[in-house]
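Student: The structure file entry-v5.cif (mmCIF, C-alpha atoms) is provided below.
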```
data_my_file
#
loop_
_atom_site.label_atom_id
_atom_site.label_comp_id
_atom_site.auth_asym_id
_atom_site.auth_seq_id
_atom_site.Cartn_x
_atom_site.Cartn_y
_atom_site.Cartn_z
CA MET A 163 36.56 -130.45 -2.68
CA TYR A 164 38.30 -128.02 -0.33
CA LEU A 165 37.68 -124.34 -0.89
CA THR A 166 40.66 -122.13 -1.69
CA ASN A 167 42.93 -121.80 1.33
CA PRO A 168 44.03 -118.18 1.91
CA THR A 169 47.15 -119.39 3.73
CA GLN A 170 48.54 -121.42 0.83
CA GLN A 171 47.94 -119.50 -2.36
CA THR A 172 50.75 -119.70 -4.90
CA ALA A 173 53.03 -116.65 -4.88
CA VAL A 174 52.65 -114.86 -8.21
CA THR A 175 54.04 -111.36 -7.75
CA THR A 176 57.13 -110.08 -5.97
CA ALA A 177 54.87 -108.70 -3.24
CA ASP A 178 53.37 -112.20 -2.79
CA ARG A 179 56.83 -113.71 -2.35
CA VAL A 180 58.03 -111.05 0.08
CA PHE A 181 54.77 -111.25 2.04
CA GLU A 182 55.30 -114.99 2.53
CA GLN A 183 58.96 -114.57 3.50
CA ILE A 184 58.30 -111.85 6.07
CA GLN A 185 55.25 -113.72 7.36
CA HIS A 186 57.36 -116.83 7.94
CA ALA A 187 60.10 -114.80 9.65
CA ILE A 188 57.57 -113.22 12.04
CA VAL A 189 55.79 -116.49 12.85
CA GLU A 190 59.07 -118.31 13.54
CA GLY A 191 60.43 -115.43 15.63
CA ASP A 192 63.26 -114.49 13.27
CA ILE A 193 61.70 -111.04 13.33
CA PRO A 194 60.91 -110.72 17.07
CA SER A 195 57.45 -109.86 18.38
CA GLY A 196 57.15 -106.19 19.32
CA SER A 197 60.09 -105.16 17.13
CA LYS A 198 59.88 -102.04 14.98
CA ILE A 199 59.71 -102.53 11.22
CA SER A 200 62.36 -100.61 9.30
CA GLU A 201 61.09 -100.21 5.74
CA PRO A 202 64.49 -99.11 4.30
CA GLU A 203 66.17 -102.10 5.97
CA LEU A 204 63.59 -104.61 4.75
CA ALA A 205 63.54 -103.14 1.23
CA LYS A 206 67.31 -103.56 1.08
CA ARG A 207 67.22 -107.04 2.63
CA TYR A 208 64.70 -108.35 0.09
CA GLN A 209 65.97 -106.17 -2.76
CA ILE A 210 62.59 -104.67 -3.53
CA SER A 211 61.06 -101.23 -3.94
CA ARG A 212 59.39 -99.44 -1.05
CA SER A 213 56.03 -99.61 -2.84
CA THR A 214 56.29 -103.41 -3.18
CA LEU A 215 57.25 -103.69 0.48
CA ARG A 216 54.27 -101.56 1.54
CA GLU A 217 51.94 -103.85 -0.40
CA ALA A 218 53.33 -106.82 1.53
CA LEU A 219 53.05 -104.94 4.83
CA ASN A 220 49.41 -104.11 4.10
CA ARG A 221 48.67 -107.82 3.82
CA LEU A 222 50.62 -108.60 7.00
CA GLU A 223 48.49 -106.03 8.81
CA LYS A 224 45.31 -107.79 7.63
CA CYS A 225 46.73 -111.03 9.09
CA HIS A 226 47.19 -109.19 12.41
CA LEU A 227 50.94 -109.90 12.40
CA ILE A 228 51.94 -106.24 12.32
CA GLU A 229 50.29 -103.03 13.45
CA ARG A 230 50.77 -99.67 11.78
CA LYS A 231 50.22 -96.27 13.36
CA ALA A 232 50.37 -92.83 11.76
CA ASN A 233 53.57 -90.93 12.57
CA VAL A 234 54.89 -94.00 14.39
CA GLY A 235 55.38 -96.64 11.71
CA SER A 236 55.00 -100.40 11.67
CA ARG A 237 55.72 -102.84 14.46
CA VAL A 238 55.38 -106.61 14.83
CA VAL A 239 52.54 -107.39 17.23
CA ASP A 240 53.46 -108.21 20.81
CA CYS A 241 52.84 -111.78 21.96
CA THR A 242 51.08 -110.98 25.23
CA ILE A 243 49.21 -113.24 27.59
CA GLU A 244 46.13 -111.03 27.23
CA GLY A 245 46.30 -111.25 23.45
CA LEU A 246 46.69 -115.03 23.61
CA LEU A 247 43.63 -115.47 25.81
CA GLU A 248 41.53 -113.19 23.59
CA LEU A 249 42.64 -115.21 20.57
CA TYR A 250 41.57 -118.46 22.21
CA ILE A 251 38.13 -117.04 23.08
CA THR A 252 37.70 -115.98 19.44
CA ARG A 253 38.88 -119.36 18.18
CA GLU A 254 36.45 -121.16 20.48
CA ALA A 255 33.47 -119.45 18.85
CA LEU A 256 34.63 -119.48 15.23
CA GLU A 257 36.20 -122.94 15.13
CA GLY A 258 33.23 -124.40 16.99
CA MET A 259 30.96 -123.16 14.21
CA ALA A 260 33.43 -124.40 11.56
CA CYS A 261 33.33 -127.83 13.20
CA ARG A 262 29.53 -127.92 13.07
CA GLN A 263 29.64 -126.99 9.38
CA ALA A 264 32.31 -129.63 8.71
CA ALA A 265 30.06 -132.34 10.18
CA LEU A 266 27.37 -131.30 7.70
CA ASN A 267 29.51 -130.64 4.62
CA MET A 268 32.54 -132.97 4.62
CA SER A 269 32.70 -135.70 2.01
CA ASP A 270 33.44 -139.31 2.99
CA MET A 271 36.80 -138.99 1.22
CA GLU A 272 37.71 -135.91 3.28
CA ILE A 273 36.80 -137.76 6.48
CA ALA A 274 38.97 -140.72 5.46
CA ASP A 275 41.82 -138.29 4.75
CA MET A 276 41.54 -136.77 8.23
CA GLN A 277 41.40 -140.20 9.84
CA ALA A 278 44.67 -141.09 8.10
CA MET A 279 46.20 -137.80 9.23
CA LEU A 280 45.31 -138.41 12.89
CA LYS A 281 46.68 -141.95 12.65
CA ALA A 282 50.00 -140.46 11.45
CA HIS A 283 49.94 -137.91 14.28
CA GLY A 284 49.52 -140.75 16.78
CA GLN A 285 52.76 -142.39 15.58
CA THR A 286 55.03 -139.43 16.42
CA GLN A 287 57.47 -140.13 19.25
CA GLU A 288 56.86 -136.79 20.99
CA LEU A 289 53.15 -137.55 21.25
CA LYS A 290 53.79 -141.13 22.40
CA ASP A 291 55.97 -139.69 25.15
CA GLY A 292 53.19 -137.21 26.02
CA VAL A 293 55.47 -134.17 25.82
CA ALA A 294 54.40 -132.42 22.62
CA TYR A 295 51.77 -132.47 19.90
CA TYR A 296 53.19 -130.30 17.14
CA GLN A 297 51.37 -130.13 13.81
CA GLU A 298 52.99 -128.76 10.68
CA GLN A 299 51.30 -125.89 8.88
CA GLY A 300 48.46 -126.50 6.46
CA ASP A 301 47.49 -130.02 5.41
CA LEU A 302 49.01 -131.63 8.53
CA ASP A 303 47.19 -129.31 10.96
CA PHE A 304 43.95 -130.82 12.34
CA HIS A 305 42.35 -127.46 13.08
CA TYR A 306 43.20 -126.13 9.63
CA LYS A 307 41.62 -129.15 7.97
CA VAL A 308 38.42 -128.83 10.00
CA ILE A 309 38.11 -125.16 9.04
CA LEU A 310 38.68 -125.86 5.36
CA CYS A 311 36.28 -128.82 5.45
CA SER A 312 33.53 -126.54 6.73
CA HIS A 313 33.23 -125.39 3.10
CA ASN A 314 32.08 -122.05 4.51
CA LYS A 315 33.95 -119.30 2.68
CA GLN A 316 33.29 -116.65 5.32
CA LEU A 317 34.68 -118.82 8.13
CA ILE A 318 37.69 -119.82 6.02
CA ASP A 319 38.47 -116.19 5.20
CA LEU A 320 38.07 -115.10 8.83
CA ILE A 321 40.06 -117.89 10.48
CA CYS A 322 42.59 -118.87 7.81
CA GLY A 323 42.92 -115.51 6.12
CA GLN A 324 43.10 -113.33 9.23
CA LEU A 325 43.91 -115.42 12.31
CA TYR A 326 45.72 -118.59 11.24
CA HIS A 327 49.28 -117.28 11.18
CA LEU A 328 48.76 -115.26 14.34
CA VAL A 329 47.76 -118.51 16.07
CA ARG A 330 50.91 -120.20 14.75
CA MET A 331 53.00 -117.24 15.88
CA TYR A 332 51.74 -117.64 19.44
CA ARG A 333 52.33 -121.41 19.27
CA CYS A 334 55.94 -120.89 18.20
CA GLN A 335 56.63 -118.08 20.68
CA PHE A 336 55.11 -119.85 23.70
CA GLY A 337 56.44 -123.31 22.86
CA MET A 338 54.88 -126.70 22.12
CA ASN A 339 55.58 -128.67 25.31
CA SER A 340 52.38 -129.28 27.22
CA PRO A 341 50.98 -131.81 29.68
CA ARG A 342 47.87 -131.71 27.46
CA ALA A 343 49.61 -133.31 24.46
CA SER A 344 48.04 -136.78 24.76
CA ARG A 345 44.71 -135.39 25.92
CA ALA A 346 44.58 -132.93 23.00
CA PHE A 347 45.16 -135.79 20.55
CA ASN A 348 42.34 -137.82 22.15
CA GLU A 349 40.05 -134.78 21.94
CA HIS A 350 40.85 -134.44 18.22
CA SER A 351 39.87 -138.08 17.78
CA GLN A 352 36.55 -137.52 19.58
CA ILE A 353 35.83 -134.45 17.45
CA LEU A 354 36.51 -136.38 14.27
CA GLN A 355 34.21 -139.20 15.42
CA ALA A 356 31.39 -136.69 15.93
CA ILE A 357 32.05 -135.31 12.44
CA THR A 358 32.04 -138.86 11.04
CA ASP A 359 28.69 -139.46 12.74
CA ARG A 360 27.42 -136.22 11.14
CA ASP A 361 26.53 -134.88 14.59
CA GLY A 362 27.10 -131.16 14.10
CA GLU A 363 25.86 -130.17 17.55
CA LEU A 364 28.21 -132.57 19.32
CA ALA A 365 31.13 -131.71 17.02
CA GLU A 366 30.76 -128.00 17.82
CA MET A 367 30.48 -128.65 21.56
CA LEU A 368 33.58 -130.87 21.58
CA MET A 369 35.64 -128.36 19.59
CA ARG A 370 34.62 -125.52 21.89
CA ARG A 371 35.49 -127.61 24.95
CA HIS A 372 38.81 -128.59 23.38
CA ILE A 373 39.89 -124.99 22.75
CA ALA A 374 38.50 -123.84 26.11
CA ALA A 375 40.55 -126.55 27.87
CA SER A 376 43.71 -125.27 26.21
CA ARG A 377 42.86 -121.73 27.29
CA LYS A 378 42.23 -122.83 30.88
CA ASN A 379 45.57 -124.67 30.87
CA ILE A 380 47.27 -121.43 29.85
CA GLU A 381 45.43 -119.50 32.57
CA LYS A 382 46.56 -122.10 35.12
CA LYS A 383 50.18 -121.72 34.04
CA ILE A 384 49.90 -117.93 34.34
CA ALA A 385 48.44 -118.21 37.85
CA GLU A 386 51.22 -120.60 38.93
CA GLN A 387 53.87 -118.29 37.51
CA ASN A 388 52.37 -115.30 39.31
CA LEU A 389 52.57 -117.20 42.61
CA LEU A 390 56.28 -117.80 42.00
CA ASP A 391 57.02 -114.14 41.12
#
```
How does this structure look as C-alpha cells?
Tutor:
Amino acid sequence: MYLTNPTQQTAVTTADRVFEQIQHAIVEGDIPSGSKISEPELAKRYQISRSTLREALNRLEKCHLIERKANVGSRVVDCTIEGLLELYITREALEGMACRQAALNMSDMEIADMQAMLKAHGQTQELKDGVAYYQEQGDLDFHYKVILCSHNKQLIDLICGQLYHLVRMYRCQFGMNSPRASRAFNEHSQILQAITDRDGELAEMLMRRHIAASRKNIEKKIAEQNLLD
C-alpha cells in the first residue's frame, strides 16, 4: 500500500481549499512567478478572512512556492535558471535514494501498476512524435509514483510535501517541449526494469543519471542562449 501522499490530501477546512486553489494558480502561472502577494486582494478574491488566508500562505511557504520577509510581505518565488539547477541537483540525490528504496519495498502489484502507466505514456501522440513527454500530476507522474513506492515517509514528506509542486511550477513555466522526450521515456523504462529486478543499486544509479541528463540538457540550452545574446 502507498503511504499517504502530502500532495493529494482531501481538503477539509476552508484553509485547505484555498491553499489548493492558490497552489494551483501559482504552479500554472495564473499568479506569475516573482509577483507580490496582496493579502487584502486574495482575501477578497476567495472570500475568506485574513487569518484563514495566512494559514494557507504558511503552507505555501513550506512548499517553497512563496517567500515571506518581515516588513516586505509575501512574494511568489522567482523561476530562475539558478534555482532550477539547484532543484535538479537536490532531486538527483533524493529521488535516487527513493528509487533504491522503491526497488526494495514495492509490491508486485505496484510494479504491475507502474508498467501499465508507462505503457499508457508510450501511446501518447506527443511522445510518439518525440516533441513532449508531459505527465499529469499525481498518479500519472512516473517520478511521483517512484517516490511514493519507496514507502519511506521521510523521503515522501521531503520530496512530495516540500518540493513536488515547485518542480511542477518550473516544468510549467519553462515548457514541456524537449528533444529528450523519447530518451526520457526510455530511461523511465530502464529504471522500472531495475526496480522490477529488485536491483536497488542500479535503480538509484539510473535515476540519478536520468535527472542529471535533464539538468545537463538545461545547462546546454542556457549556454546556447548566452552565445546568441
Student: Near Ala265 (chain A), within 8 Å and counting only C-alpha atoms, which residues show up once chain neighbours fewer than 4 positions away are dropped, as a list of chain:residue names?
Tutor: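 Residues meeting the cut-off are A:Cys261, A:Ser312, A:Ala356, A:Ile357, A:Thr358, A:Asp359, A:Arg360, A:Asp361, A:Gly362, A:Ala365.
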Student: Excluding region 189-198 of chain A and any residue of its chain fewer than 4 positions from it, enumerate the residues within 7 Å of it, using only C-alpha atoms, and give them as a list in words.
Tutor: Gln185, Ser236, Arg237, Val238, Val239, Asp240, Cys241, His327, Arg330, Met331, Cys334 and Gln335 of chain A
Student: Apply the PyMOL selection byres ((chain A and resi 243) around 12) to the displayed file and report the matching residues as a PyMOL selection string.
Tutor: chain A and resi 240-242+244-250+332+335-336+377+380-385
Student: Rounded to one decimal in Å, what is the spacing between CA of Glu288 (chain A) and CA of Asn348 (chain A)?
Tutor: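 Here the two named atoms are 14.6 Å from each other.
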Student: So that I can see what lies close to region 199-202 of chain A, please list as a CSV table (one decimal) with C-alpha atoms, keeping the file's coordinate frame the residues with an atom at most 10 Å from it, counting only C-alpha atoms and leaving out residues fewer than 2 positions away in the same chain.
Tutor:
```
chain,number,residue,atom,x,y,z
A,193,ILE,CA,61.7,-111.0,13.3
A,196,GLY,CA,57.2,-106.2,19.3
A,197,SER,CA,60.1,-105.2,17.1
A,204,LEU,CA,63.6,-104.6,4.8
A,205,ALA,CA,63.5,-103.1,1.2
A,206,LYS,CA,67.3,-103.6,1.1
A,207,ARG,CA,67.2,-107.0,2.6
A,210,ILE,CA,62.6,-104.7,-3.5
A,211,SER,CA,61.1,-101.2,-3.9
A,212,ARG,CA,59.4,-99.4,-1.0
A,213,SER,CA,56.0,-99.6,-2.8
A,215,LEU,CA,57.2,-103.7,0.5
A,216,ARG,CA,54.3,-101.6,1.5
A,219,LEU,CA,53.0,-104.9,4.8
A,228,ILE,CA,51.9,-106.2,12.3
A,229,GLU,CA,50.3,-103.0,13.4
A,230,ARG,CA,50.8,-99.7,11.8
A,235,GLY,CA,55.4,-96.6,11.7
A,236,SER,CA,55.0,-100.4,11.7
A,237,ARG,CA,55.7,-102.8,14.5
A,238,VAL,CA,55.4,-106.6,14.8
```
Student: Could you spell out the hits of the PyMOL selection byres ((chain A and resi 267) around 8) on the shown file, as a list in words?
Tutor: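 In the shown coordinates, the PyMOL selection byres ((chain A and resi 267) around 8) covers Gln263, Ala264, Ala265, Leu266, Met268, Ser269, Cys311, Ser312 and His313 of chain A.
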Student: Taking all listed atoms of region 275-282 of chain A, build the axis-aligned box, pad each of the six sides by 5 Å, then write its centre and edge lengths in Å to one decimal as AutoDock Vina command-line options.
Tutor:
```
--center_x 45.7 --center_y -139.4 --center_z 8.8 --size_x 18.6 --size_y 15.2 --size_z 18.1
```
